[in-house]
Each structure stands twice: as C-alpha cells, then as structure tokens.
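Accompanying notes for the structure given below.
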Amino acid sequence: MHDLSLRGLTKRFGSVAAVDDLTLDIPGGKFICLLGPSGCGKTTLLRLVAGLEEPTAGRILVGGQDQTDTPTHRRNFGMVFQSLALFPHLSVGDNVAYPLAIRGTPRAQRRARAEELLALVQLPGMADRRVHQLSGGQRQRVAIARGLAIDPRLFLLDEPLSALDANLREHMQIELRQLQTRLGVTTVVVTHDQKEALTMADVVIVMDQGRVQQMGAPMEVYRNPANAFVAGFIGTSNLLPGRLLDTSTLDISGQRLALGPGDRVKCPPGPAILSVRPEDVRFGPDGLPAHVTFIRDLGESVQIILDHAGQEVTALFSPRERPEVAIGHAVTLTFAPGGCVVLAP
Amino acid sequence: MSGRDAATPTWLGLIPGVVLAALFLVPFGIMLAVSVALRDPSGSGFYTWGFELQSYARVFTFFVGRILFVSMTIAAGAAVISVALALPFTVILAQMSRRAQTVILVILLSVLSLSEVIIGFSVSTLLSQTAGVGNLLALLRITEQPRAYTPSLFALMTGLCYLTFPYSVLVLYPPVARLDPELVEASRTMGASPLRTFFGVTVPLLRAPILGALILVFVFALGSYLLPQVLGRPEHWTLSVHITDQAVYQSNLPFAAAMAVVLLLAALALVGLALLVARERRAA
Ligand SMILES: Nc1ncnc2c1ncn2[C@@H]1O[C@H](COP(=O)(O)OP(=O)(O)OP(=O)(O)O)[C@@H](O)[C@H]1O
Ligand SMILES: [Mg+2]
C-alpha cells in the first residue's frame, strides 16, 4: 500500500493551466475518485501521475519516493485508459499477460497468472478469445485485469466505465470497488459522474479549473460542501443568494432565517449563499413563502418544484410523507436541522 | 430494386472492369502472343505471328533463372531496407507538429518528381572517385585514397532506396497517423521501454501496411531497368535490364516478351505467397 503525494504539481499547455499548483496527500490503500466537470484537468492529472505528461512544476511522490523524473515504464503503476487501449493484435490472455511478458516471466507462469486474473474479473476461460470477440463490459474487465497484472503500486483509471450502459455501469462500479477492497491497492479513478464517485470512493477529490475544490469522504463532501461550486456539482443543491447578518441569522430576500446548531457557516457576515439539499426542504408553519410550480412523481420519491421570490427551489419527499399540495398552492419553506450550509458567494 | 441502382446507371459499375481490361489484360494478351511468335531471322520485321515455345525454352535455362533470382533478391533487399528506414522515419514524423509534418511531406513529394535517370546519375556522381564522397572521406583521413563506390551493389541499393523511400513513407503515413497513441502509452505504463513498445506494439499493429509497402517497393524495384545499368555491375543487372536489352538492342521481341511474362508471373506468385503467409499468421 503506497500513498501518493503531490507537491505543487502544475501542468501548463501554453497559457492554460490544466493542473494548477496542486498539493495533495492521498493515503495508501484507499479508493479515490477524482471528480470534476469536463476540462477541469482530471485526465491531465492522471497522466502526470503516470508519467505520460511532464509537469511544468512540482513533484510526485509515491510511498515517499520521488517519482517525478522516473520514466513511465519504470513506475510500476497499472493504468486503464478511457479507450481501454487493449491490443487488437493479441489474444485476451496475451493482453493480460503483456506486462509480465515485458518483465521476462516464463510462458507457463504468465499463462497461469493471466488465467488467475481473468477469473478475478469473472472472465474465466476467456484467455484464447480475440479482443474484438468480447462485449463492452468484458473488454472493460480485461483492461482492469491487465492493469492489475503486476500488483501495481498505484492503480489509475480514466473514466473506465463511461462507455457502458447504465445497468452494467452500476454493476461494474460495485465490482470494481469489491476488487479494490480485496486487493488493497491504492486506486485513483477519474469520473465526471458524481453518483459513481459517491458509490465507490473512500475519498472524493472535487476539481475545478485545475485546482482541488474539496477533498474528503463522500458523505462529508455531500453534507458539508466547502464552497458553492462543490455544493452545486455534487448532487442537487438549492443555492439561494442572501446576506449573513451574524453567525446565526441569515436574510433571504427580506426574510429572516435563524440557523440551528447543526447548520454550518463557512463565510464571514456579508453576502452569502445558502445551500440546502432537496431532501432537507420541508413545509412548515413559518419560513420562506413560496408556491408550488410543478410536481414530479418519480415512484421512489416525489419532487416538488417551488418558486420563492423568483428563485427555483426543489424539495424531495418520499411517497409516504408526500404533503397534500397541488400546483399553485402557497406554502412556507423550512429547512431540516443541520441541512443548511452558508457559503461565500 | 434499391434506390442506389436507380441513381447510378448499371454500366458505371463496369468501368473498373473495362479499365483493367484495357490497361492490363489486353497488353498482357499481346505480350503473351508475342512471346510465342516466331522470330523472323531475315531481320526485316522482328517477328511473325505463330506458335512456338522456343523463347520459353530459352527463359528456362540456368542463365535466365539466375538473373531472375538476382532480380528478386535485389528487389526484396531494396524493399526491406527502404521500408526499414521509412517505418521509424514515419513514426517519428507522425509525432511532429502539423506544420513540420506538412513541410516534410511536401519535400518527400517533390523527391517523387525526380526521375530514375536523375537519381541514377546523381548517385553515380556522388559515389564516383572524382567528385564523390570518396574525396570527402580521404580529406577527413578516414580512407587513404579517394576511391569510387560505384558501380557496386551498395550504389545500386542506395539508388533504389532513394527512389522508393518516399513511396514507402507515403504508404505508411496514413495508418501510422491513425494509430491510437493510447496503445503506445498503455504499453509504456505496463513497463515496456520505447524500443520494446516499437517492436512489441507499433510494428505488429502496422503489419498490413508494412506488408503493403514491402510489396510496392519490391514490384517497383523489380521493374527498374535504368538504375542497375548505371549503378550496378553486370552481375547485378536485373531481368528488366535484360528484357530491355533483348527488346531494344537485340530486336528479339519474342524472347523479351517471354521473359517479361515469366517475370510478371514470378512477381505475382511471390506477392501472393506473402499475402497468404500474412493471412495464415493472423489466423494463428
Ligand atoms: N495535449 C494538450 N494540449 C493542449 N491543451 C490540453 C492538452 N491536454 C489537455 N489540454 C487542456 O487542459 C485542460 C484539461 O484537460 P483534461 O483532458 O485534463 O480535462 P478532463 O478533466 O479530463 O476533461 P474530460 O472530463 O472532458 O475528460 C483542458 O482545458 C484541455 O483543453
Ligand atoms: Mg478526461
């Protein structure tokens, strides 16, 4: 189990800083999801760690050893590319055994290890197939098996599941997570699907514009976003602009709102943004006035869209606790205790 | 009937066949007829139509057999060297900036406009005793005396490779440019050095275009009749040289035609064999 540390890591393409002065410590043996919108530098960061891209500045340390100047082929990492990059000229078994062949492992041993790895990813007896004879999900597993062939110090995956359909994708998320738990290899998975990140990760790293916006346990990031970007990006959040009057009073379009002890305030008094998850929006006797604009029955839940002083607010209820409202009804909104996070605008 | 049939007149589909017949089958038929024609000993005309296998009997002698073997060996050698040089060149070229690639490809295209004659005499001059690299080597004290490096097998190969190098690059360039760079990167992340990756991934992935380039250069070199005369010794003269000699200087068209037919069939057989071996290996 090796931990990964980045020290002021920067990569510039011309004037664009794809990765901007990143300093991070990722504990060994953990499953990390790198999350962020398109173009925020996730792939670039992964390629820097793999040595496929040369950093403009900064250092990369793995297990305490500086790897910045080590060429890719001496780093002993496993990597799964977005395109999978399986070799079409080799059989499935030879693909999986390629890293071993490079290291001069004898043929019989290679073969045995390939079989073992294929069994690990639930593709036993597929070694002699050609790559093009496999389905998308099977190819995915072959790429994962190949990345694990040498017991890598780090396992890096760039959007490994993005090409799969929704069902298979959820299935593979669970499998990948179970596989990692069994092997204990430090794993970094790039994704821009926040649900995927919340499903799989021990630690989520949210990136935007080449910088880390927040790093923490999935629920921590979800419940306690560090800023408005993270609040908006992870899950759905109602973001209401207002003013923080003092550490426990908020003014939202002229309405006073008292914050409870579980609510979090992350900015000094002044202009602020209130972030509330839809499941924390409730109807009560006093609070923000609003009226119902739309009701969406999703089966497992009921989504009620409201309008408060021109701001759209979404509330989520389970079908059992669905309030008796219809479109056009006036209601007052309260927020569940501990559900409010006040962020700098 | 499908819409496509309605849109394109049926006779358009015949064009490839017609072109092939006009440009290949008809000339080949004429050549075949000439090869079995009777040689006119009087010297007034070259031959009279007829049927005899006299010329073929001469082709299947040890002498012509050896020339055919030499021709094929030289052509195959030129193909291997030319493609071996062109492959790493093209791979490196494809990694350069767009601008650099365009400039280099334009230069290569302009080399194509040089005729065999110009290339032949340039290489000949370059390798000669009086004006060539021999002088340079002597000047740099690498050799004692300036000497001529032509005519020789080396000079001939140099000329053939110079002539065919741009073709090899142009055949290889599109597939090399299309090659997924992530395959190469994947190999690097799995511990393969750049050299290992080149031979373990790049070359196998490009097997079909490499074979195509080899065949193209082989056929090209086989048909070359000027370079062997200018740059080679008589023992390096290819069958094409002898065909020219028989047809133009000895006025023995039936014999020339018979040699041409045999050369064509031998080349076809070899190319067919190469394709067959390639397919066999892919299936394995
Ligand atoms: N080779 C390159 N040359 C120039 N700019 C690049 C290069 N690679 C990436 N960039 C730029 O760096 C930024 C980050 O790109 P990157 O591919 O890392 O994003 P990403 O987070 O992986 O996005 P996506 O989710 O779409 O894959 C982008 O603005 C991109 O345009
Ligand atoms: Mg990416």
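Labeling convention for the structure tokens: chains A, B, ... as they appear, residues from 1 per chain, ligands from 1 in order of appearance.
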
Expected selection as a ChimeraX atom specification for ligand 1 within 9 Å, only C-alpha atoms and all ligand atoms: /A:11-14,16-19,35-47,53,82,158-159,190-192,207-210

Mind dumping the selected residues with N, CA and C atoms as a CSV table (one decimal), in the first residue's frame?
chain,number,residue,atom,x,y,z
A,11,LYS,N,0.7,21.8,-14.5
A,11,LYS,CA,0.9,21.5,-15.9
A,11,LYS,C,0.2,22.6,-16.7
A,12,ARG,N,1.0,23.3,-17.5
A,12,ARG,CA,0.5,24.3,-18.4
A,12,ARG,C,0.6,23.9,-19.8
A,13,PHE,N,-0.5,24.1,-20.6
A,13,PHE,CA,-0.5,23.9,-22.0
A,13,PHE,C,-0.6,25.3,-22.6
A,14,GLY,N,0.5,25.8,-23.0
A,14,GLY,CA,0.5,27.2,-23.5
A,14,GLY,C,0.1,28.1,-22.3
A,16,VAL,N,-2.9,27.9,-20.8
A,16,VAL,CA,-3.9,27.2,-20.0
A,16,VAL,C,-3.2,26.4,-18.9
A,17,ALA,N,-3.6,26.6,-17.6
A,17,ALA,CA,-3.0,25.7,-16.6
A,17,ALA,C,-4.0,24.6,-16.4
A,18,ALA,N,-3.8,23.4,-17.0
A,18,ALA,CA,-4.7,22.3,-16.9
A,18,ALA,C,-4.7,21.8,-15.4
A,19,VAL,N,-3.5,21.8,-14.8
A,19,VAL,CA,-3.4,21.4,-13.4
A,19,VAL,C,-2.6,22.5,-12.7
A,35,LEU,N,-13.1,13.8,-9.3
A,35,LEU,CA,-14.4,14.2,-9.8
A,35,LEU,C,-14.3,15.7,-10.3
A,36,GLY,N,-15.0,16.0,-11.4
A,36,GLY,CA,-15.0,17.4,-11.8
A,36,GLY,C,-15.6,17.5,-13.2
A,37,PRO,N,-16.0,18.7,-13.6
A,37,PRO,CA,-16.6,18.9,-14.9
A,37,PRO,C,-15.6,18.7,-16.0
A,38,SER,N,-16.1,18.6,-17.2
A,38,SER,CA,-15.3,18.4,-18.4
A,38,SER,C,-14.2,19.5,-18.5
A,39,GLY,N,-13.0,19.1,-18.8
A,39,GLY,CA,-11.9,20.1,-19.0
A,39,GLY,C,-11.3,20.6,-17.7
A,40,CYS,N,-11.6,20.1,-16.6
A,40,CYS,CA,-11.1,20.6,-15.3
A,40,CYS,C,-9.7,20.1,-15.0
A,41,GLY,N,-9.2,19.1,-15.8
A,41,GLY,CA,-7.8,18.7,-15.7
A,41,GLY,C,-7.6,17.3,-15.0
A,42,LYS,N,-8.7,16.5,-15.0
A,42,LYS,CA,-8.7,15.2,-14.4
A,42,LYS,C,-7.7,14.3,-15.1
A,43,THR,N,-7.9,14.2,-16.5
A,43,THR,CA,-7.1,13.3,-17.3
A,43,THR,C,-5.6,13.8,-17.2
A,44,THR,N,-5.4,15.1,-17.3
A,44,THR,CA,-4.1,15.6,-17.2
A,44,THR,C,-3.4,15.2,-15.9
A,45,LEU,N,-4.1,15.3,-14.8
A,45,LEU,CA,-3.6,14.9,-13.5
A,45,LEU,C,-3.2,13.5,-13.5
A,46,LEU,N,-4.0,12.6,-14.0
A,46,LEU,CA,-3.8,11.2,-14.0
A,46,LEU,C,-2.5,10.9,-14.9
A,47,ARG,N,-2.5,11.6,-16.0
A,47,ARG,CA,-1.3,11.4,-16.9
A,47,ARG,C,0.0,11.9,-16.3
A,53,GLU,N,2.8,12.6,-19.0
A,53,GLU,CA,2.9,14.1,-19.3
A,53,GLU,C,3.9,14.6,-18.3
A,82,GLN,N,-9.3,5.5,-20.9
A,82,GLN,CA,-10.7,5.7,-21.3
A,82,GLN,C,-11.1,4.8,-22.5
A,158,ASP,N,-8.9,6.0,-16.0
A,158,ASP,CA,-9.5,7.3,-16.5
A,158,ASP,C,-10.9,6.9,-17.1
A,159,GLU,N,-11.9,7.4,-16.4
A,159,GLU,CA,-13.3,7.1,-16.8
A,159,GLU,C,-13.5,5.7,-17.3
A,190,VAL,N,-10.8,8.4,-12.3
A,190,VAL,CA,-11.4,9.6,-12.8
A,190,VAL,C,-12.8,9.4,-13.2
A,191,THR,N,-13.7,10.3,-12.9
A,191,THR,CA,-15.0,10.2,-13.3
A,191,THR,C,-15.6,11.6,-13.4
A,192,HIS,N,-16.6,11.8,-14.2
A,192,HIS,CA,-17.3,13.1,-14.1
A,192,HIS,C,-18.8,12.8,-13.6
A,207,MET,N,-12.5,18.6,-8.3
A,207,MET,CA,-11.6,19.5,-9.0
A,207,MET,C,-12.4,20.5,-9.9
A,208,ASP,N,-11.9,21.7,-10.0
A,208,ASP,CA,-12.4,22.6,-11.0
A,208,ASP,C,-11.3,23.5,-11.4
A,209,GLN,N,-11.2,23.8,-12.7
A,209,GLN,CA,-10.2,24.6,-13.3
A,209,GLN,C,-8.8,24.3,-12.8
A,210,GLY,N,-8.5,23.1,-12.8
A,210,GLY,CA,-7.1,22.7,-12.4
A,210,GLY,C,-6.8,22.7,-11.0

Proximal residues of chain A relative to chain B (only C-alpha atoms; 7 Å) as a PyMOL selection string: chain A and resi 72-74+76-79+85+87+89+99+102

Backbone-only DSSP, helix (DSSP H, G or I) members of stretch 89-276 of chain A, as a PyMOL selection string: chain A and resi 92-102+107-120+131-133+136-148+166-183+194-200+218-223+228-233

Neighbour list for stretch 233-237 of chain A as a compact mmCIF listing (two decimals) with all heavy atoms, in the first residue's frame, cut-off 7 Å, only C-alpha atoms, skip fewer than 3 positions in-chain:
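Output contents, as saved in result07.txt:
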# COMPACT_ATOMS: atom_id res chain seq x y z
N GLN A 194 -20.97 12.09 -10.55
CA GLN A 194 -20.85 12.21 -9.10
C GLN A 194 -21.47 11.04 -8.36
O GLN A 194 -21.02 10.66 -7.30
CB GLN A 194 -21.42 13.54 -8.62
CG GLN A 194 -22.64 14.00 -9.38
CD GLN A 194 -23.87 13.96 -8.53
OE1 GLN A 194 -23.84 13.49 -7.41
NE2 GLN A 194 -24.95 14.47 -9.08
N TYR A 222 -20.66 15.62 0.49
CA TYR A 222 -22.06 15.80 0.14
C TYR A 222 -22.78 16.68 1.18
O TYR A 222 -23.50 17.61 0.84
CB TYR A 222 -22.73 14.42 0.05
CG TYR A 222 -24.18 14.46 -0.37
CD1 TYR A 222 -24.52 14.61 -1.72
CD2 TYR A 222 -25.20 14.35 0.56
CE1 TYR A 222 -25.84 14.65 -2.11
CE2 TYR A 222 -26.52 14.39 0.17
CZ TYR A 222 -26.84 14.53 -1.17
OH TYR A 222 -28.15 14.57 -1.56
N PHE A 229 -19.29 25.96 -5.57
CA PHE A 229 -19.06 25.09 -6.71
C PHE A 229 -19.31 23.63 -6.34
O PHE A 229 -20.02 22.90 -7.02
CB PHE A 229 -17.63 25.24 -7.26
CG PHE A 229 -17.31 24.21 -8.29
CD1 PHE A 229 -17.75 24.36 -9.59
CD2 PHE A 229 -16.65 23.03 -7.94
CE1 PHE A 229 -17.52 23.39 -10.53
CE2 PHE A 229 -16.42 22.04 -8.88
CZ PHE A 229 -16.85 22.23 -10.18
N VAL A 230 -18.74 23.21 -5.20
CA VAL A 230 -18.89 21.81 -4.78
C VAL A 230 -20.36 21.52 -4.47
O VAL A 230 -20.90 20.48 -4.86
CB VAL A 230 -18.00 21.52 -3.55
CG1 VAL A 230 -18.23 20.10 -3.05
CG2 VAL A 230 -16.54 21.73 -3.90
N SER A 275 -26.96 26.94 0.92
CA SER A 275 -27.07 25.69 0.17
C SER A 275 -27.89 24.70 0.98
O SER A 275 -27.58 24.42 2.14
CB SER A 275 -25.67 25.14 -0.10
OG SER A 275 -25.75 23.78 -0.43
N VAL A 276 -28.96 24.20 0.37
CA VAL A 276 -29.82 23.22 1.05
C VAL A 276 -30.11 22.08 0.08
O VAL A 276 -30.49 22.32 -1.08
CB VAL A 276 -31.17 23.86 1.48
CG1 VAL A 276 -31.96 22.87 2.34
CG2 VAL A 276 -30.95 25.14 2.22
N ARG A 277 -29.96 20.84 0.55
CA ARG A 277 -30.30 19.68 -0.29
C ARG A 277 -31.82 19.57 -0.41
O ARG A 277 -32.54 19.87 0.55
CB ARG A 277 -29.75 18.41 0.33
CG ARG A 277 -28.25 18.37 0.47
CD ARG A 277 -27.57 18.23 -0.86
NE ARG A 277 -26.13 18.25 -0.74
CZ ARG A 277 -25.31 18.38 -1.78
NH1 ARG A 277 -25.79 18.52 -3.01
NH2 ARG A 277 -24.02 18.39 -1.61
N PRO A 278 -32.34 19.11 -1.52
CA PRO A 278 -33.80 19.00 -1.71
C PRO A 278 -34.46 18.17 -0.61
O PRO A 278 -35.59 18.46 -0.21
CB PRO A 278 -33.93 18.30 -3.07
CG PRO A 278 -32.67 18.63 -3.78
CD PRO A 278 -31.60 18.76 -2.74

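The closest residue to ligand 2, picked from A:Asp193, A:Asp251, A:Asp94, A:Glu220 and counting only C-alpha atoms and all ligand atoms, is A:Asp193.
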
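Going from atom CA of B:Leu114 over to atom CA of B:Leu127, you cover 18.4 Å.
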
Shell of 12 Å around A:Ala326, only C-alpha atoms, local chain residues under 4 positions omitted, as a PyMOL selection string: chain A and resi 291-296+304-306+322+330-331

For N, CA and C atoms, I'd like the residues from the last selection saved as a PDB file, in the first residue's frame.
ATOM      1  N   HIS A 291     -44.566  29.194  -3.672  1.00  0.00           N
ATOM      2  CA  HIS A 291     -45.715  28.477  -4.205  1.00  0.00           C
ATOM      3  C   HIS A 291     -45.261  27.352  -5.131  1.00  0.00           C
ATOM      4  N   VAL A 292     -46.101  26.329  -5.193  1.00  0.00           N
ATOM      5  CA  VAL A 292     -45.764  25.126  -5.951  1.00  0.00           C
ATOM      6  C   VAL A 292     -45.901  25.403  -7.448  1.00  0.00           C
ATOM      7  N   THR A 293     -44.873  25.083  -8.225  1.00  0.00           N
ATOM      8  CA  THR A 293     -44.968  25.284  -9.680  1.00  0.00           C
ATOM      9  C   THR A 293     -45.058  23.966 -10.445  1.00  0.00           C
ATOM     10  N   PHE A 294     -44.548  22.884  -9.824  1.00  0.00           N
ATOM     11  CA  PHE A 294     -44.575  21.615 -10.556  1.00  0.00           C
ATOM     12  C   PHE A 294     -44.414  20.466  -9.581  1.00  0.00           C
ATOM     13  N   ILE A 295     -45.066  19.352  -9.879  1.00  0.00           N
ATOM     14  CA  ILE A 295     -44.894  18.167  -9.035  1.00  0.00           C
ATOM     15  C   ILE A 295     -44.511  17.008  -9.936  1.00  0.00           C
ATOM     16  N   ARG A 296     -43.437  16.343  -9.569  1.00  0.00           N
ATOM     17  CA  ARG A 296     -42.962  15.248 -10.399  1.00  0.00           C
ATOM     18  C   ARG A 296     -42.949  13.981  -9.560  1.00  0.00           C
ATOM     19  N   ILE A 304     -40.983  18.172  -5.673  1.00  0.00           N
ATOM     20  CA  ILE A 304     -41.876  19.325  -5.777  1.00  0.00           C
ATOM     21  C   ILE A 304     -41.038  20.553  -6.076  1.00  0.00           C
ATOM     22  N   ILE A 305     -41.351  21.193  -7.179  1.00  0.00           N
ATOM     23  CA  ILE A 305     -40.611  22.381  -7.584  1.00  0.00           C
ATOM     24  C   ILE A 305     -41.396  23.590  -7.097  1.00  0.00           C
ATOM     25  N   LEU A 306     -40.686  24.492  -6.438  1.00  0.00           N
ATOM     26  CA  LEU A 306     -41.349  25.655  -5.857  1.00  0.00           C
ATOM     27  C   LEU A 306     -40.694  26.929  -6.349  1.00  0.00           C
ATOM     28  N   ARG A 322     -45.523  12.434   1.467  1.00  0.00           N
ATOM     29  CA  ARG A 322     -45.887  13.436   0.483  1.00  0.00           C
ATOM     30  C   ARG A 322     -46.937  14.406   1.044  1.00  0.00           C
ATOM     31  N   ALA A 330     -49.883  27.910  -2.044  1.00  0.00           N
ATOM     32  CA  ALA A 330     -48.855  28.663  -1.328  1.00  0.00           C
ATOM     33  C   ALA A 330     -48.431  27.862  -0.108  1.00  0.00           C
ATOM     34  N   VAL A 331     -47.108  27.807   0.125  1.00  0.00           N
ATOM     35  CA  VAL A 331     -46.584  27.078   1.284  1.00  0.00           C
ATOM     36  C   VAL A 331     -45.491  27.917   1.935  1.00  0.00           C
TER      37      VAL A 331
END

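Closest approach to ligand 2 among A:Leu157, A:Ile26, A:Gln178, A:Arg282 is made by A:Leu157 (distances from only C-alpha atoms and all ligand atoms).
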
Leaving out stretch 248-255 of chain B and any residue of its chain fewer than 5 positions from it, which residues lie within 8 Å of it when counting only C-alpha atoms, given as a PDB file with N, CA, C and O atoms, in the first residue's frame?
ATOM      1  N   VAL B  34       3.031 -12.312 -78.437  1.00  0.00           N
ATOM      2  CA  VAL B  34       4.372 -12.058 -78.979  1.00  0.00           C
ATOM      3  C   VAL B  34       5.354 -13.101 -78.470  1.00  0.00           C
ATOM      4  O   VAL B  34       6.249 -13.544 -79.193  1.00  0.00           O
ATOM      5  N   SER B  35       5.159 -13.523 -77.194  1.00  0.00           N
ATOM      6  CA  SER B  35       6.145 -14.424 -76.596  1.00  0.00           C
ATOM      7  C   SER B  35       6.166 -15.793 -77.272  1.00  0.00           C
ATOM      8  O   SER B  35       7.154 -16.503 -77.182  1.00  0.00           O
ATOM      9  N   VAL B  36       5.054 -16.131 -77.943  1.00  0.00           N
ATOM     10  CA  VAL B  36       5.046 -17.427 -78.635  1.00  0.00           C
ATOM     11  C   VAL B  36       5.144 -17.234 -80.154  1.00  0.00           C
ATOM     12  O   VAL B  36       5.008 -18.181 -80.917  1.00  0.00           O
ATOM     13  N   ALA B  37       5.409 -15.979 -80.582  1.00  0.00           N
ATOM     14  CA  ALA B  37       5.521 -15.705 -82.013  1.00  0.00           C
ATOM     15  C   ALA B  37       6.853 -16.266 -82.537  1.00  0.00           C
ATOM     16  O   ALA B  37       7.763 -16.590 -81.771  1.00  0.00           O
ATOM     17  N   LEU B  38       6.945 -16.369 -83.879  1.00  0.00           N
ATOM     18  CA  LEU B  38       8.157 -16.886 -84.497  1.00  0.00           C
ATOM     19  C   LEU B  38       9.105 -15.729 -84.759  1.00  0.00           C
ATOM     20  O   LEU B  38       8.699 -14.681 -85.262  1.00  0.00           O
ATOM     21  N   ARG B  39      10.329 -15.948 -84.438  1.00  0.00           N
ATOM     22  CA  ARG B  39      11.279 -14.876 -84.664  1.00  0.00           C
ATOM     23  C   ARG B  39      11.620 -14.843 -86.151  1.00  0.00           C
ATOM     24  O   ARG B  39      11.869 -15.885 -86.772  1.00  0.00           O
ATOM     25  N   PHE B  46      10.472  -7.902 -86.862  1.00  0.00           N
ATOM     26  CA  PHE B  46      11.045  -8.557 -85.687  1.00  0.00           C
ATOM     27  C   PHE B  46      10.537  -9.984 -85.532  1.00  0.00           C
ATOM     28  O   PHE B  46      11.247 -10.863 -85.141  1.00  0.00           O
ATOM     29  N   TYR B  47       9.246 -10.160 -85.844  1.00  0.00           N
ATOM     30  CA  TYR B  47       8.644 -11.473 -85.632  1.00  0.00           C
ATOM     31  C   TYR B  47       7.445 -11.624 -86.541  1.00  0.00           C
ATOM     32  O   TYR B  47       6.922 -10.647 -87.077  1.00  0.00           O
ATOM     33  N   SER B  55      11.117 -19.463 -77.310  1.00  0.00           N
ATOM     34  CA  SER B  55      11.548 -18.398 -76.408  1.00  0.00           C
ATOM     35  C   SER B  55      11.470 -18.852 -74.952  1.00  0.00           C
ATOM     36  O   SER B  55      12.359 -18.554 -74.145  1.00  0.00           O
ATOM     37  N   TYR B  56      10.385 -19.575 -74.623  1.00  0.00           N
ATOM     38  CA  TYR B  56      10.248 -20.048 -73.237  1.00  0.00           C
ATOM     39  C   TYR B  56      11.339 -21.043 -72.887  1.00  0.00           C
ATOM     40  O   TYR B  56      11.822 -21.081 -71.758  1.00  0.00           O
ATOM     41  N   ARG B  58      14.288 -20.931 -73.895  1.00  0.00           N
ATOM     42  CA  ARG B  58      15.469 -20.141 -73.549  1.00  0.00           C
ATOM     43  C   ARG B  58      15.333 -19.523 -72.156  1.00  0.00           C
ATOM     44  O   ARG B  58      16.319 -19.379 -71.445  1.00  0.00           O
ATOM     45  N   VAL B  59      14.089 -19.109 -71.806  1.00  0.00           N
ATOM     46  CA  VAL B  59      13.889 -18.487 -70.488  1.00  0.00           C
ATOM     47  C   VAL B  59      14.234 -19.468 -69.375  1.00  0.00           C
ATOM     48  O   VAL B  59      14.889 -19.112 -68.399  1.00  0.00           O
TER      49      VAL B  59
END

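Note that the spacing between atom CA of B:Phe28 and atom CA of B:Thr164 amounts to 25.3 Å.
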
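With distances restricted to only C-alpha atoms and all ligand atoms, A:Val189 is the closest residue to ligand 2 from A:Leu134, A:Val341, A:Leu100, A:Val189.
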
Strand (DSSP E) per DSSP on the backbone: members of stretch 204-259 of chain A, as a ChimeraX atom specification: /A:204-208,211-216,238-246,249-252,255-258

Just write the chosen residues, C-alpha atoms, as an mmCIF file, in the first residue's frame.
data_model
loop_
_atom_site.group_PDB
_atom_site.id
_atom_site.type_symbol
_atom_site.label_atom_id
_atom_site.label_comp_id
_atom_site.auth_asym_id
_atom_site.auth_seq_id
_atom_site.Cartn_x
_atom_site.Cartn_y
_atom_site.Cartn_z
ATOM 1 C CA VAL A 204 -13.593 12.096 -3.207
ATOM 2 C CA ILE A 205 -11.469 14.846 -4.724
ATOM 3 C CA VAL A 206 -13.522 17.523 -6.432
ATOM 4 C CA MET A 207 -11.596 19.513 -9.021
ATOM 5 C CA ASP A 208 -12.415 22.621 -10.993
ATOM 6 C CA ARG A 211 -7.484 23.127 -8.670
ATOM 7 C CA VAL A 212 -8.791 20.959 -5.869
ATOM 8 C CA GLN A 213 -12.041 22.415 -4.551
ATOM 9 C CA GLN A 214 -12.563 19.857 -1.820
ATOM 10 C CA MET A 215 -11.215 16.524 -0.689
ATOM 11 C CA GLY A 216 -12.944 14.274 1.794
ATOM 12 C CA ASN A 238 -30.774 24.607 -3.831
ATOM 13 C CA LEU A 239 -28.496 27.627 -3.873
ATOM 14 C CA LEU A 240 -30.219 30.752 -2.523
ATOM 15 C CA PRO A 241 -28.382 34.077 -2.502
ATOM 16 C CA GLY A 242 -28.764 36.189 0.632
ATOM 17 C CA ARG A 243 -26.919 38.025 3.394
ATOM 18 C CA LEU A 244 -25.371 36.662 6.527
ATOM 19 C CA LEU A 245 -26.283 39.120 9.286
ATOM 20 C CA ASP A 246 -24.437 37.459 12.144
ATOM 21 C CA THR A 249 -29.011 34.768 11.229
ATOM 22 C CA LEU A 250 -29.498 34.796 7.513
ATOM 23 C CA ASP A 251 -31.516 37.189 5.385
ATOM 24 C CA ILE A 252 -33.021 35.576 2.281
ATOM 25 C CA GLN A 255 -36.990 37.015 5.304
ATOM 26 C CA ARG A 256 -35.050 36.319 8.491
ATOM 27 C CA LEU A 257 -33.861 32.761 8.892
ATOM 28 C CA ALA A 258 -32.395 31.533 12.179
#
